[in-house]
Amino acid sequence: MPAVLGLNFHHDTAAALVVDGRLYAAEEERWSGVKHNHPARKGTLTAPTRALQWCLEAADLEPEDVDAVWAASMRPNPAAGWWLAEEREELAALLPAPLGEHLRLLSHHTAHVLSGYLLSGHEHAAGLVIDAGGSSLGSDFGPGRERITGYDLWPDRIDRLHQGMPAAMPGLVGPRRVHSSLGHFYRNLARRVIPPGDEPEGSMMALAAFGDPQRYGTHIRELVRLGDEGEVRIDHPWGSADGSTPLLLDGRAWTVDNAAEQPEHKRADLAAAVQEVFAGSVVHIARHLQRLTRASALVFSGGCALNSHLNGQLAADSGFDTLFVAPAPHDAGTAVGAALYGWHYQLGQERLQVPTDAAWGPDPGVLPTTTVPTGYYALPHLGLGLAPTVAALLAEHSIVGWVQGQLEFGPRALGHRSILAHPGHAATRDRLNAIKKRAAYRPFAPAVLAEHATEWFMSAGDPFMNRVATVRRCRADRIAAVTHHDGTARVQSVAANHQGLRDLLEQFRDLTRLPLLLNTSFNRKGTPILRTAEQAVAAAVDLRLDALAVGDTLLLADHVPDPRATSLHTR
């Protein structure tokens, strides 16, 4: 079988390999320890060296065994389009010779959309990519970069049929032209709402649930103008990366530097207004795509597709019967899309099966029980007894680090490198936010047995934790730790073949009659999801978790009794 490699050399550096119908994929940050693997200097290109090496080793391949290498282009060169010879040479020089010789480029947004479409199982779909910015548009579309791109997608062709275009904005002197970037718009405002130290976009999305969108809604709607045929124009500089221009509201100047000085209730109101305008703009574009393509399914990707509240609204209001959000819609996912492009469109191979998990990375290794950390004791070799033992701990409201099988690809912990807890008490949410040093208003997500999802939520959720659903009112008080202030939750549906969480969820359901757990990423504040057993032990000690499960070994804090020797009563 042929082997195809996909790479992303920019932030969220990653590698993906498709061989024999199997996908291997990993992000460089899981080795570097630097979240998003940001290069030292903006614009610097970095190779996903260790992620690439792992992909080849896992597939038992040498570089010369790879038949095709694809990467997403990002160089903003206004004179060039898809085939940027200069960038290709620069990227190829970062790879071993056999791989560099095969390297080809495709557009950033095309790699994004294919990371969803080619895993969606849909024959015909509309594709939508929205982010801060992608590849050069080149002479076909004029100066500027991809910001909003719509596609008509089929197994034998990729048609780009909607492109957010540059527009002359009133008030600007000279011939300067500005691209409307919804990604920049959301981040730009988020940095004025969320003080430094917290991730801006995710924190603003969470804070929005506490606000009144009407307080500042009129002002924010004036910044974004929706036109015919899906057009979106954002007043300068709010659709750019500008971080210095003050936003004037209520006689107060909102800047990046004074976000912490603004009262939290007003920050919540601004967050709610921005979220509402942002989501309405994306729905506006999606409805236009539905009219153009007449497709029943929409595939959504790009950085803006990480906004799970937007995705819930998009599923309900876009006019499509089905929404498929790419498993990893951020920039690391372009490595997956690039590999799948070469596999399917270049080499003519059958599309991969629709995944219900993204466990495409390395195993954690074995937990050494000879060096148990101070304050913990070990229960080794539990085998099939691990899941019922951990379920009993969770039923008693212990907080457990959970490290099982291959590492997840993407920004969400899907039950392979997770921290798990009972979903029933709001106090658990508060304790976890303190442990992870997050803002108190940040919610946590539930992982639910797929067949029970609609019993607890108004929609079925998403295997990759990429959209919110409304919690059924009659159930909300039983799962307070995962019900957000607005009555929603970012639901991960766990299928029957999920190798990380399925057995544990079934055991927990049998003990508690709750078919779901609180599931959050296993990491320290500001660091990537961890990769190895050794990292898990260090993090568990640092975070003071009650227990840690790696493989079939369980570490218990000294204050936690062995659940096998204790008569447990669920609460």
# chains A, B, ... in the order shown; residues from 1 in each chain; ligands from 1
$ closest_atom_pairs --of "segment 350-396 of chain A" --to "segment 531-543 of chain A" --cutoff "10 Å" --atoms "only C-alpha atoms" --output "JSON lines"
{"residue": "A:Gly361", "atom": "CA", "partner": "A:Arg531", "partner_atom": "CA", "distance": 9.0}
{"residue": "A:Pro362", "atom": "CA", "partner": "A:Arg531", "partner_atom": "CA", "distance": 7.6}
{"residue": "A:Asp363", "atom": "CA", "partner": "A:Thr532", "partner_atom": "CA", "distance": 7.4}
{"residue": "A:Pro364", "atom": "CA", "partner": "A:Thr532", "partner_atom": "CA", "distance": 4.1}
{"residue": "A:Gly365", "atom": "CA", "partner": "A:Ala533", "partner_atom": "CA", "distance": 5.8}
{"residue": "A:Val366", "atom": "CA", "partner": "A:Ala533", "partner_atom": "CA", "distance": 6.3}
{"residue": "A:Leu367", "atom": "CA", "partner": "A:Ala533", "partner_atom": "CA", "distance": 5.5}
{"residue": "A:Pro368", "atom": "CA", "partner": "A:Glu534", "partner_atom": "CA", "distance": 8.3}
{"residue": "A:Val372", "atom": "CA", "partner": "A:Val537", "partner_atom": "CA", "distance": 8.7}
{"residue": "A:Pro373", "atom": "CA", "partner": "A:Val541", "partner_atom": "CA", "distance": 7.6}
{"residue": "A:Thr374", "atom": "CA", "partner": "A:Val541", "partner_atom": "CA", "distance": 8.6}
{"residue": "A:Gly375", "atom": "CA", "partner": "A:Val541", "partner_atom": "CA", "distance": 8.3}
{"residue": "A:Tyr376", "atom": "CA", "partner": "A:Val541", "partner_atom": "CA", "distance": 8.6}
$ select_by_dssp --residues "segment 266-419 of chain A" --states "alpha helix (DSSP H)" --output "ChimeraX atom specification"
/A:266-293,308-317,333-341,386-395
$ closest_residue --among "A:Leu153, A:Val19, A:Pro96, A:Glu89" --to "Gln53 of chain A" --atoms "only C-alpha atoms"
A:Pro96
$ select_by_dssp --residues "segment 39-281 of chain A" --states "strand (DSSP E or B)" --output "compact mmCIF listing (two decimals) with N, CA and C atoms, in the first residue's frame"
# COMPACT_ATOMS: atom_id res chain seq x y z
N ALA A 68 4.39 10.10 -1.13
CA ALA A 68 3.99 11.49 -1.38
C ALA A 68 4.04 12.26 -0.08
N VAL A 69 4.42 13.53 -0.17
CA VAL A 69 4.49 14.41 0.99
C VAL A 69 3.77 15.71 0.64
N TRP A 70 2.80 16.09 1.46
CA TRP A 70 2.03 17.31 1.23
C TRP A 70 2.06 18.17 2.48
N ALA A 71 2.06 19.49 2.29
CA ALA A 71 2.01 20.42 3.42
C ALA A 71 1.14 21.60 3.04
N ALA A 72 0.56 22.22 4.05
CA ALA A 72 -0.26 23.41 3.83
C ALA A 72 0.64 24.64 3.69
N SER A 73 0.39 25.42 2.66
CA SER A 73 1.12 26.68 2.45
C SER A 73 0.56 27.75 3.36
N LEU A 103 8.04 16.73 -1.52
CA LEU A 103 7.15 17.72 -0.92
C LEU A 103 6.41 18.55 -1.96
N ARG A 104 5.10 18.69 -1.76
CA ARG A 104 4.26 19.57 -2.56
C ARG A 104 3.37 20.37 -1.61
N LEU A 105 2.84 21.50 -2.08
CA LEU A 105 2.03 22.37 -1.25
C LEU A 105 0.60 22.43 -1.76
N LEU A 106 -0.34 22.51 -0.84
CA LEU A 106 -1.71 22.87 -1.18
C LEU A 106 -2.14 24.00 -0.25
N SER A 107 -3.25 24.63 -0.58
CA SER A 107 -3.62 25.82 0.19
C SER A 107 -4.00 25.43 1.62
N ALA A 125 -20.85 17.38 0.10
CA ALA A 125 -20.94 18.28 1.25
C ALA A 125 -20.49 19.66 0.85
N ALA A 126 -21.04 20.65 1.51
CA ALA A 126 -20.47 22.00 1.46
C ALA A 126 -19.36 22.06 2.50
N GLY A 127 -18.33 22.80 2.20
CA GLY A 127 -17.22 22.97 3.14
C GLY A 127 -17.05 24.43 3.48
N LEU A 128 -16.79 24.72 4.74
CA LEU A 128 -16.58 26.10 5.18
C LEU A 128 -15.35 26.14 6.09
N VAL A 129 -14.43 27.05 5.78
CA VAL A 129 -13.23 27.26 6.60
C VAL A 129 -13.17 28.73 6.98
N ILE A 130 -13.05 29.00 8.27
CA ILE A 130 -12.93 30.38 8.76
C ILE A 130 -11.84 30.39 9.83
N SER A 136 -1.84 32.63 0.66
CA SER A 136 -2.00 33.72 -0.28
C SER A 136 -3.10 33.39 -1.26
N ARG A 145 -5.03 37.20 1.84
CA ARG A 145 -4.94 35.81 2.25
C ARG A 145 -6.33 35.23 2.46
N ILE A 148 -12.12 33.55 4.76
CA ILE A 148 -13.40 32.82 4.75
C ILE A 148 -13.50 32.13 3.40
N THR A 149 -13.57 30.82 3.39
CA THR A 149 -13.59 30.08 2.13
C THR A 149 -14.69 29.03 2.16
N GLY A 150 -15.47 28.98 1.08
CA GLY A 150 -16.53 28.00 0.94
C GLY A 150 -16.24 27.05 -0.20
N TYR A 151 -16.61 25.78 -0.03
CA TYR A 151 -16.32 24.74 -1.01
C TYR A 151 -17.57 23.94 -1.35
N ASP A 152 -17.55 23.37 -2.56
CA ASP A 152 -18.48 22.32 -2.95
C ASP A 152 -17.64 21.06 -3.10
N LEU A 153 -17.87 20.06 -2.27
CA LEU A 153 -16.96 18.93 -2.13
C LEU A 153 -17.59 17.63 -2.63
N TRP A 154 -16.83 16.92 -3.46
CA TRP A 154 -17.24 15.62 -4.00
C TRP A 154 -16.03 14.69 -3.96
N ARG A 157 -13.76 15.77 -6.88
CA ARG A 157 -13.39 17.16 -7.15
C ARG A 157 -13.58 18.04 -5.92
N ILE A 158 -12.84 19.15 -5.92
CA ILE A 158 -12.90 20.15 -4.86
C ILE A 158 -13.13 21.50 -5.54
N ASP A 159 -14.30 22.06 -5.39
CA ASP A 159 -14.62 23.35 -6.02
C ASP A 159 -14.67 24.44 -4.97
N ARG A 160 -13.82 25.45 -5.15
CA ARG A 160 -13.84 26.62 -4.27
C ARG A 160 -14.83 27.60 -4.88
N LEU A 161 -15.93 27.86 -4.17
CA LEU A 161 -16.96 28.69 -4.80
C LEU A 161 -17.37 29.91 -3.99
N HIS A 162 -16.75 30.11 -2.84
CA HIS A 162 -16.99 31.33 -2.08
C HIS A 162 -15.70 31.75 -1.42
N GLN A 163 -15.34 33.02 -1.59
CA GLN A 163 -14.10 33.52 -1.01
C GLN A 163 -14.33 34.89 -0.41
N ALA A 167 -11.68 44.35 0.77
CA ALA A 167 -12.60 45.45 0.51
C ALA A 167 -11.99 46.76 0.98
N VAL A 178 -8.42 45.84 2.96
CA VAL A 178 -8.47 45.07 4.20
C VAL A 178 -9.31 43.81 3.99
N VAL A 224 -19.73 44.93 12.27
CA VAL A 224 -19.76 43.81 11.33
C VAL A 224 -20.97 43.97 10.43
N ARG A 225 -20.73 44.04 9.12
CA ARG A 225 -21.81 44.29 8.16
C ARG A 225 -22.00 43.06 7.29
N LEU A 226 -23.22 42.54 7.28
CA LEU A 226 -23.54 41.37 6.49
C LEU A 226 -24.23 41.80 5.20
N VAL A 232 -19.33 39.36 4.38
CA VAL A 232 -19.08 39.87 5.73
C VAL A 232 -17.99 40.91 5.66
N ARG A 233 -18.27 42.12 6.12
CA ARG A 233 -17.25 43.17 6.19
C ARG A 233 -17.15 43.66 7.62
N ILE A 234 -15.93 43.77 8.08
CA ILE A 234 -15.67 44.17 9.46
C ILE A 234 -14.94 45.50 9.45
N LEU A 247 -11.30 50.25 22.20
CA LEU A 247 -12.72 50.13 21.89
C LEU A 247 -13.47 51.00 22.89
N LEU A 248 -14.22 51.97 22.40
CA LEU A 248 -14.90 52.93 23.27
C LEU A 248 -16.33 52.47 23.53
N LEU A 249 -16.63 52.16 24.80
CA LEU A 249 -17.96 51.73 25.22
C LEU A 249 -18.28 52.38 26.56
N ARG A 252 -15.80 54.45 28.29
CA ARG A 252 -14.63 53.75 28.82
C ARG A 252 -13.85 53.18 27.65
N ALA A 253 -12.54 53.26 27.68
CA ALA A 253 -11.69 52.72 26.62
C ALA A 253 -11.28 51.31 27.00
N TRP A 254 -11.65 50.33 26.18
CA TRP A 254 -11.29 48.93 26.40
C TRP A 254 -10.05 48.62 25.58
$ residues_around --residues "Ala332 of chain A" --least-positions-apart "6" --cutoff "8 Å" --atoms "only C-alpha atoms" --output "ChimeraX atom specification"
/A:8,11-15,27,410
$ write_last_selection --atoms "N, CA and C atoms" --output "tab-separated table (two decimals), in the first residue's frame"
chain	number	residue	atom	x	y	z
A	8	ASN	N	2.43	20.13	8.84
A	8	ASN	CA	2.19	21.55	9.08
A	8	ASN	C	3.44	22.12	9.74
A	11	HIS	N	2.52	27.41	13.27
A	11	HIS	CA	2.13	27.12	14.66
A	11	HIS	C	1.18	25.93	14.67
A	12	ASP	N	1.09	25.24	15.80
A	12	ASP	CA	0.42	23.94	15.89
A	12	ASP	C	1.09	22.93	14.95
A	13	THR	N	2.42	22.96	14.93
A	13	THR	CA	3.22	22.10	14.07
A	13	THR	C	2.84	20.64	14.29
A	14	ALA	N	2.66	19.88	13.18
A	14	ALA	CA	2.17	18.51	13.31
A	14	ALA	C	2.57	17.68	12.10
A	15	ALA	N	2.49	16.37	12.28
A	15	ALA	CA	2.73	15.41	11.20
A	15	ALA	C	1.62	14.37	11.21
A	27	GLU	N	1.13	15.91	17.28
A	27	GLU	CA	1.52	17.32	17.31
A	27	GLU	C	2.87	17.48	17.99
A	410	GLY	N	-5.25	16.60	18.52
A	410	GLY	CA	-6.15	17.74	18.61
A	410	GLY	C	-6.18	18.34	20.00
$ closest_residue --among "A:Leu323, A:Leu545, A:Leu393, A:Met1" --to "Ile435 of chain A" --atoms "only C-alpha atoms"
A:Leu545
$ closest_residue --among "A:Leu119, A:Asp317, A:Glu229, A:Val193" --to "Met165 of chain A" --atoms "only C-alpha atoms"
A:Glu229
$ atom_distance --atom1 "atom CA of Gly385 of chain A" --atom2 "atom CA of Ala496 of chain A"
19.3 Å
$ atom_distance --atom1 "atom CA of Arg490 of chain A" --atom2 "atom CA of Arg467 of chain A"
5.5 Å
$ atom_distance --atom1 "atom CA of Ala259 of chain A" --atom2 "atom CA of Val468 of chain A"
26.9 Å
$ residues_around --residues "segment 502-512 of chain A" --least-positions-apart "3" --cutoff "8 Å" --atoms "only C-alpha atoms" --output "mmCIF file with N, CA, C and O atoms, in the first residue's frame"
data_model
loop_
_atom_site.group_PDB
_atom_site.id
_atom_site.type_symbol
_atom_site.label_atom_id
_atom_site.label_comp_id
_atom_site.auth_asym_id
_atom_site.auth_seq_id
_atom_site.Cartn_x
_atom_site.Cartn_y
_atom_site.Cartn_z
ATOM 1 N N ALA A 387 -11.147 -0.895 35.367
ATOM 2 C CA ALA A 387 -12.323 -0.061 35.141
ATOM 3 C C ALA A 387 -13.288 -0.076 36.325
ATOM 4 O O ALA A 387 -13.723 0.996 36.783
ATOM 5 N N PRO A 388 -13.660 -1.253 36.877
ATOM 6 C CA PRO A 388 -14.563 -1.199 38.042
ATOM 7 C C PRO A 388 -13.939 -0.530 39.260
ATOM 8 O O PRO A 388 -14.629 0.132 40.042
ATOM 9 N N VAL A 390 -11.664 1.981 39.235
ATOM 10 C CA VAL A 390 -11.677 3.432 39.015
ATOM 11 C C VAL A 390 -13.106 3.964 39.050
ATOM 12 O O VAL A 390 -13.363 5.059 39.578
ATOM 13 N N ALA A 391 -14.060 3.199 38.515
ATOM 14 C CA ALA A 391 -15.463 3.632 38.571
ATOM 15 C C ALA A 391 -15.910 3.808 40.015
ATOM 16 O O ALA A 391 -16.645 4.755 40.355
ATOM 17 N N ALA A 392 -15.471 2.911 40.897
ATOM 18 C CA ALA A 392 -15.821 3.028 42.313
ATOM 19 C C ALA A 392 -15.213 4.286 42.929
ATOM 20 O O ALA A 392 -15.857 4.988 43.722
ATOM 21 N N LEU A 394 -14.476 7.071 41.301
ATOM 22 C CA LEU A 394 -15.206 8.211 40.746
ATOM 23 C C LEU A 394 -16.585 8.348 41.379
ATOM 24 O O LEU A 394 -17.077 9.465 41.593
ATOM 25 N N ALA A 395 -17.217 7.226 41.676
ATOM 26 C CA ALA A 395 -18.525 7.268 42.329
ATOM 27 C C ALA A 395 -18.442 7.913 43.705
ATOM 28 O O ALA A 395 -19.406 8.505 44.200
ATOM 29 N N VAL A 448 -20.212 11.084 27.409
ATOM 30 C CA VAL A 448 -21.429 10.313 27.650
ATOM 31 C C VAL A 448 -21.489 9.119 26.704
ATOM 32 O O VAL A 448 -21.064 9.208 25.549
ATOM 33 N N LEU A 449 -21.992 8.000 27.206
ATOM 34 C CA LEU A 449 -22.238 6.857 26.334
ATOM 35 C C LEU A 449 -23.179 7.294 25.215
ATOM 36 O O LEU A 449 -24.246 7.856 25.479
ATOM 37 N N VAL A 494 -19.473 8.981 23.280
ATOM 38 C CA VAL A 494 -18.499 7.891 23.304
ATOM 39 C C VAL A 494 -19.131 6.650 22.679
ATOM 40 O O VAL A 494 -20.081 6.078 23.222
ATOM 41 N N ALA A 495 -18.599 6.249 21.537
ATOM 42 C CA ALA A 495 -19.162 5.142 20.774
ATOM 43 C C ALA A 495 -18.774 3.795 21.384
ATOM 44 O O ALA A 495 -17.883 3.701 22.237
ATOM 45 N N ALA A 496 -19.416 2.746 20.878
ATOM 46 C CA ALA A 496 -19.208 1.406 21.424
ATOM 47 C C ALA A 496 -17.781 0.910 21.238
ATOM 48 O O ALA A 496 -17.307 0.069 21.998
ATOM 49 N N ASN A 497 -17.094 1.413 20.210
ATOM 50 C CA ASN A 497 -15.734 0.933 19.934
ATOM 51 C C ASN A 497 -14.652 1.837 20.505
ATOM 52 O O ASN A 497 -13.476 1.684 20.171
ATOM 53 N N HIS A 498 -15.000 2.784 21.366
ATOM 54 C CA HIS A 498 -14.008 3.679 21.959
ATOM 55 C C HIS A 498 -13.142 2.896 22.939
ATOM 56 O O HIS A 498 -13.646 2.287 23.894
ATOM 57 N N GLN A 499 -11.831 2.907 22.707
ATOM 58 C CA GLN A 499 -10.918 2.088 23.495
ATOM 59 C C GLN A 499 -10.467 2.753 24.792
ATOM 60 O O GLN A 499 -9.869 2.106 25.645
ATOM 61 N N PRO A 515 -24.732 7.797 32.976
ATOM 62 C CA PRO A 515 -23.931 7.274 31.871
ATOM 63 C C PRO A 515 -22.897 8.266 31.361
ATOM 64 O O PRO A 515 -22.549 8.269 30.182
ATOM 65 N N LEU A 516 -22.400 9.134 32.231
ATOM 66 C CA LEU A 516 -21.460 10.163 31.790
ATOM 67 C C LEU A 516 -20.504 10.528 32.910
ATOM 68 O O LEU A 516 -20.784 10.310 34.091
ATOM 69 N N LEU A 517 -19.367 11.087 32.509
ATOM 70 C CA LEU A 517 -18.338 11.556 33.432
ATOM 71 C C LEU A 517 -17.888 12.954 33.013
ATOM 72 O O LEU A 517 -17.970 13.315 31.836
ATOM 73 N N THR A 570 -22.553 4.631 46.665
ATOM 74 C CA THR A 570 -22.583 5.767 45.757
ATOM 75 C C THR A 570 -23.417 6.882 46.351
ATOM 76 O O THR A 570 -24.358 6.654 47.105
ATOM 77 N N ARG A 571 -23.032 8.094 45.966
ATOM 78 C CA ARG A 571 -23.732 9.274 46.481
ATOM 79 C C ARG A 571 -24.407 9.986 45.332
ATOM 80 O O ARG A 571 -23.802 10.131 44.291
#
$ residues_around --residues "Leu99 of chain A" --least-positions-apart "3" --cutoff "10 Å" --atoms "only C-alpha atoms" --output "list in words"
Leu5, Glu62, Pro63, Glu64, Asp65, Val66, Asp67, Ala68, Val69, Trp70, Ala92, Ala93, Leu94, Leu95, Pro96, His102 and Leu103 of chain A
$ closest_atom_pairs --of "segment 377-445 of chain A" --to "segment 519-528 of chain A" --cutoff "10 Å" --atoms "only C-alpha atoms" --output "CSV"
residue,atom,partner,partner_atom,distance
A:Val400,CA,A:Phe522,CA,9.8
A:Gly401,CA,A:Phe522,CA,6.8
A:Trp402,CA,A:Phe522,CA,7.9
A:Val403,CA,A:Phe522,CA,8.5
A:Pro411,CA,A:Pro528,CA,8.4
A:Arg412,CA,A:Ser521,CA,6.6
A:Ala413,CA,A:Ser521,CA,4.7
A:Leu414,CA,A:Asn519,CA,7.7
A:Gly415,CA,A:Asn519,CA,7.2
A:His416,CA,A:Phe522,CA,9.1
A:Arg417,CA,A:Phe522,CA,5.4
A:Ser418,CA,A:Phe522,CA,4.6
A:Ile419,CA,A:Phe522,CA,5.2
A:Leu420,CA,A:Asn519,CA,4.9
A:Ala421,CA,A:Asn519,CA,6.9
A:His422,CA,A:Asn519,CA,9.2
A:Pro423,CA,A:Asn519,CA,8.9
A:Leu432,CA,A:Thr520,CA,9.2
A:Ile435,CA,A:Arg524,CA,8.8
A:Lys436,CA,A:Lys525,CA,5.8
A:Lys437,CA,A:Lys525,CA,6.4
A:Arg438,CA,A:Lys525,CA,7.6
A:Pro443,CA,A:Thr520,CA,9.7
A:Phe444,CA,A:Thr520,CA,6.5
A:Ala445,CA,A:Asn519,CA,5.7
$ residues_around --residues "Thr334 of chain A" --least-positions-apart "5" --cutoff "9 Å" --atoms "only C-alpha atoms" --output "PyMOL selection string"
chain A and resi 6-8+14+71-72+108-115+302+328-329+339
$ write_last_selection --atoms "N, CA, C and O atoms" --output "JSON list (two decimals), in the first residue's frame"
[["chain", "number", "residue", "atom", "x", "y", "z"],
["A", 6, "GLY", "N", 1.56, 14.00, 5.63],
["A", 6, "GLY", "CA", 1.07, 15.38, 5.67],
["A", 6, "GLY", "C", 1.75, 16.14, 6.78],
["A", 6, "GLY", "O", 2.00, 15.58, 7.87],
["A", 7, "LEU", "N", 2.08, 17.41, 6.53],
["A", 7, "LEU", "CA", 2.86, 18.20, 7.49],
["A", 7, "LEU", "C", 2.28, 19.60, 7.64],
["A", 7, "LEU", "O", 1.73, 20.16, 6.70],
["A", 8, "ASN", "N", 2.43, 20.13, 8.84],
["A", 8, "ASN", "CA", 2.19, 21.55, 9.08],
["A", 8, "ASN", "C", 3.44, 22.12, 9.74],
["A", 8, "ASN", "O", 3.86, 21.65, 10.80],
["A", 14, "ALA", "N", 2.66, 19.88, 13.18],
["A", 14, "ALA", "CA", 2.17, 18.51, 13.31],
["A", 14, "ALA", "C", 2.57, 17.68, 12.10],
["A", 14, "ALA", "O", 2.92, 18.21, 11.04],
["A", 71, "ALA", "N", 2.06, 19.49, 2.29],
["A", 71, "ALA", "CA", 2.01, 20.42, 3.42],
["A", 71, "ALA", "C", 1.14, 21.60, 3.04],
["A", 71, "ALA", "O", 0.98, 21.94, 1.86],
["A", 72, "ALA", "N", 0.56, 22.22, 4.05],
["A", 72, "ALA", "CA", -0.26, 23.41, 3.83],
["A", 72, "ALA", "C", 0.64, 24.64, 3.69],
["A", 72, "ALA", "O", 1.53, 24.86, 4.50],
["A", 108, "HIS", "N", -3.77, 26.36, 2.51],
["A", 108, "HIS", "CA", -4.05, 26.16, 3.93],
["A", 108, "HIS", "C", -5.52, 25.80, 4.16],
["A", 108, "HIS", "O", -5.84, 24.85, 4.89],
["A", 109, "HIS", "N", -6.43, 26.53, 3.54],
["A", 109, "HIS", "CA", -7.86, 26.28, 3.75],
["A", 109, "HIS", "C", -8.31, 24.96, 3.13],
["A", 109, "HIS", "O", -9.18, 24.28, 3.67],
["A", 110, "THR", "N", -7.71, 24.58, 2.01],
["A", 110, "THR", "CA", -8.06, 23.29, 1.42],
["A", 110, "THR", "C", -7.63, 22.15, 2.33],
["A", 110, "THR", "O", -8.37, 21.17, 2.53],
["A", 111, "ALA", "N", -6.44, 22.27, 2.93],
["A", 111, "ALA", "CA", -6.00, 21.26, 3.90],
["A", 111, "ALA", "C", -6.95, 21.22, 5.10],
["A", 111, "ALA", "O", -7.29, 20.14, 5.60],
["A", 112, "HIS", "N", -7.39, 22.38, 5.56],
["A", 112, "HIS", "CA", -8.34, 22.43, 6.67],
["A", 112, "HIS", "C", -9.62, 21.68, 6.32],
["A", 112, "HIS", "O", -10.09, 20.82, 7.08],
["A", 113, "VAL", "N", -10.22, 22.02, 5.19],
["A", 113, "VAL", "CA", -11.55, 21.46, 4.89],
["A", 113, "VAL", "C", -11.47, 19.97, 4.62],
["A", 113, "VAL", "O", -12.39, 19.21, 4.98],
["A", 114, "LEU", "N", -10.37, 19.48, 4.04],
["A", 114, "LEU", "CA", -10.25, 18.06, 3.76],
["A", 114, "LEU", "C", -9.98, 17.25, 5.03],
["A", 114, "LEU", "O", -10.29, 16.05, 5.07],
["A", 115, "SER", "N", -9.46, 17.90, 6.07],
["A", 115, "SER", "CA", -9.29, 17.19, 7.35],
["A", 115, "SER", "C", -10.65, 16.84, 7.94],
["A", 115, "SER", "O", -10.73, 15.98, 8.83],
["A", 302, "GLY", "N", -11.11, 25.03, 10.47],
["A", 302, "GLY", "CA", -10.41, 26.29, 10.72],
["A", 302, "GLY", "C", -10.51, 26.65, 12.19],
["A", 302, "GLY", "O", -11.33, 26.10, 12.95],
["A", 328, "ALA", "N", -9.97, 17.74, 14.28],
["A", 328, "ALA", "CA", -8.96, 18.68, 14.76],
["A", 328, "ALA", "C", -9.02, 19.91, 13.86],
["A", 328, "ALA", "O", -8.26, 20.03, 12.90],
["A", 329, "PRO", "N", -9.94, 20.85, 14.12],
["A", 329, "PRO", "CA", -10.13, 21.97, 13.19],
["A", 329, "PRO", "C", -9.06, 23.04, 13.25],
["A", 329, "PRO", "O", -9.02, 23.92, 12.39],
["A", 339, "ALA", "N", -2.34, 15.03, 4.30],
["A", 339, "ALA", "CA", -2.09, 13.60, 4.08],
["A", 339, "ALA", "C", -3.28, 12.93, 3.38],
["A", 339, "ALA", "O", -3.11, 12.13, 2.45]]
$ residues_around --residues "Val274 of chain A" --least-positions-apart "3" --cutoff "9 Å" --atoms "only C-alpha atoms" --output "list in words"
Phe185, Tyr186, Leu189, Ala190, Met204, Ala208, Pro213, Tyr216, Gly217, Ile220, Arg221, Asp269, Leu270, Ala271, Val277, Phe278 and Ala279 of chain A
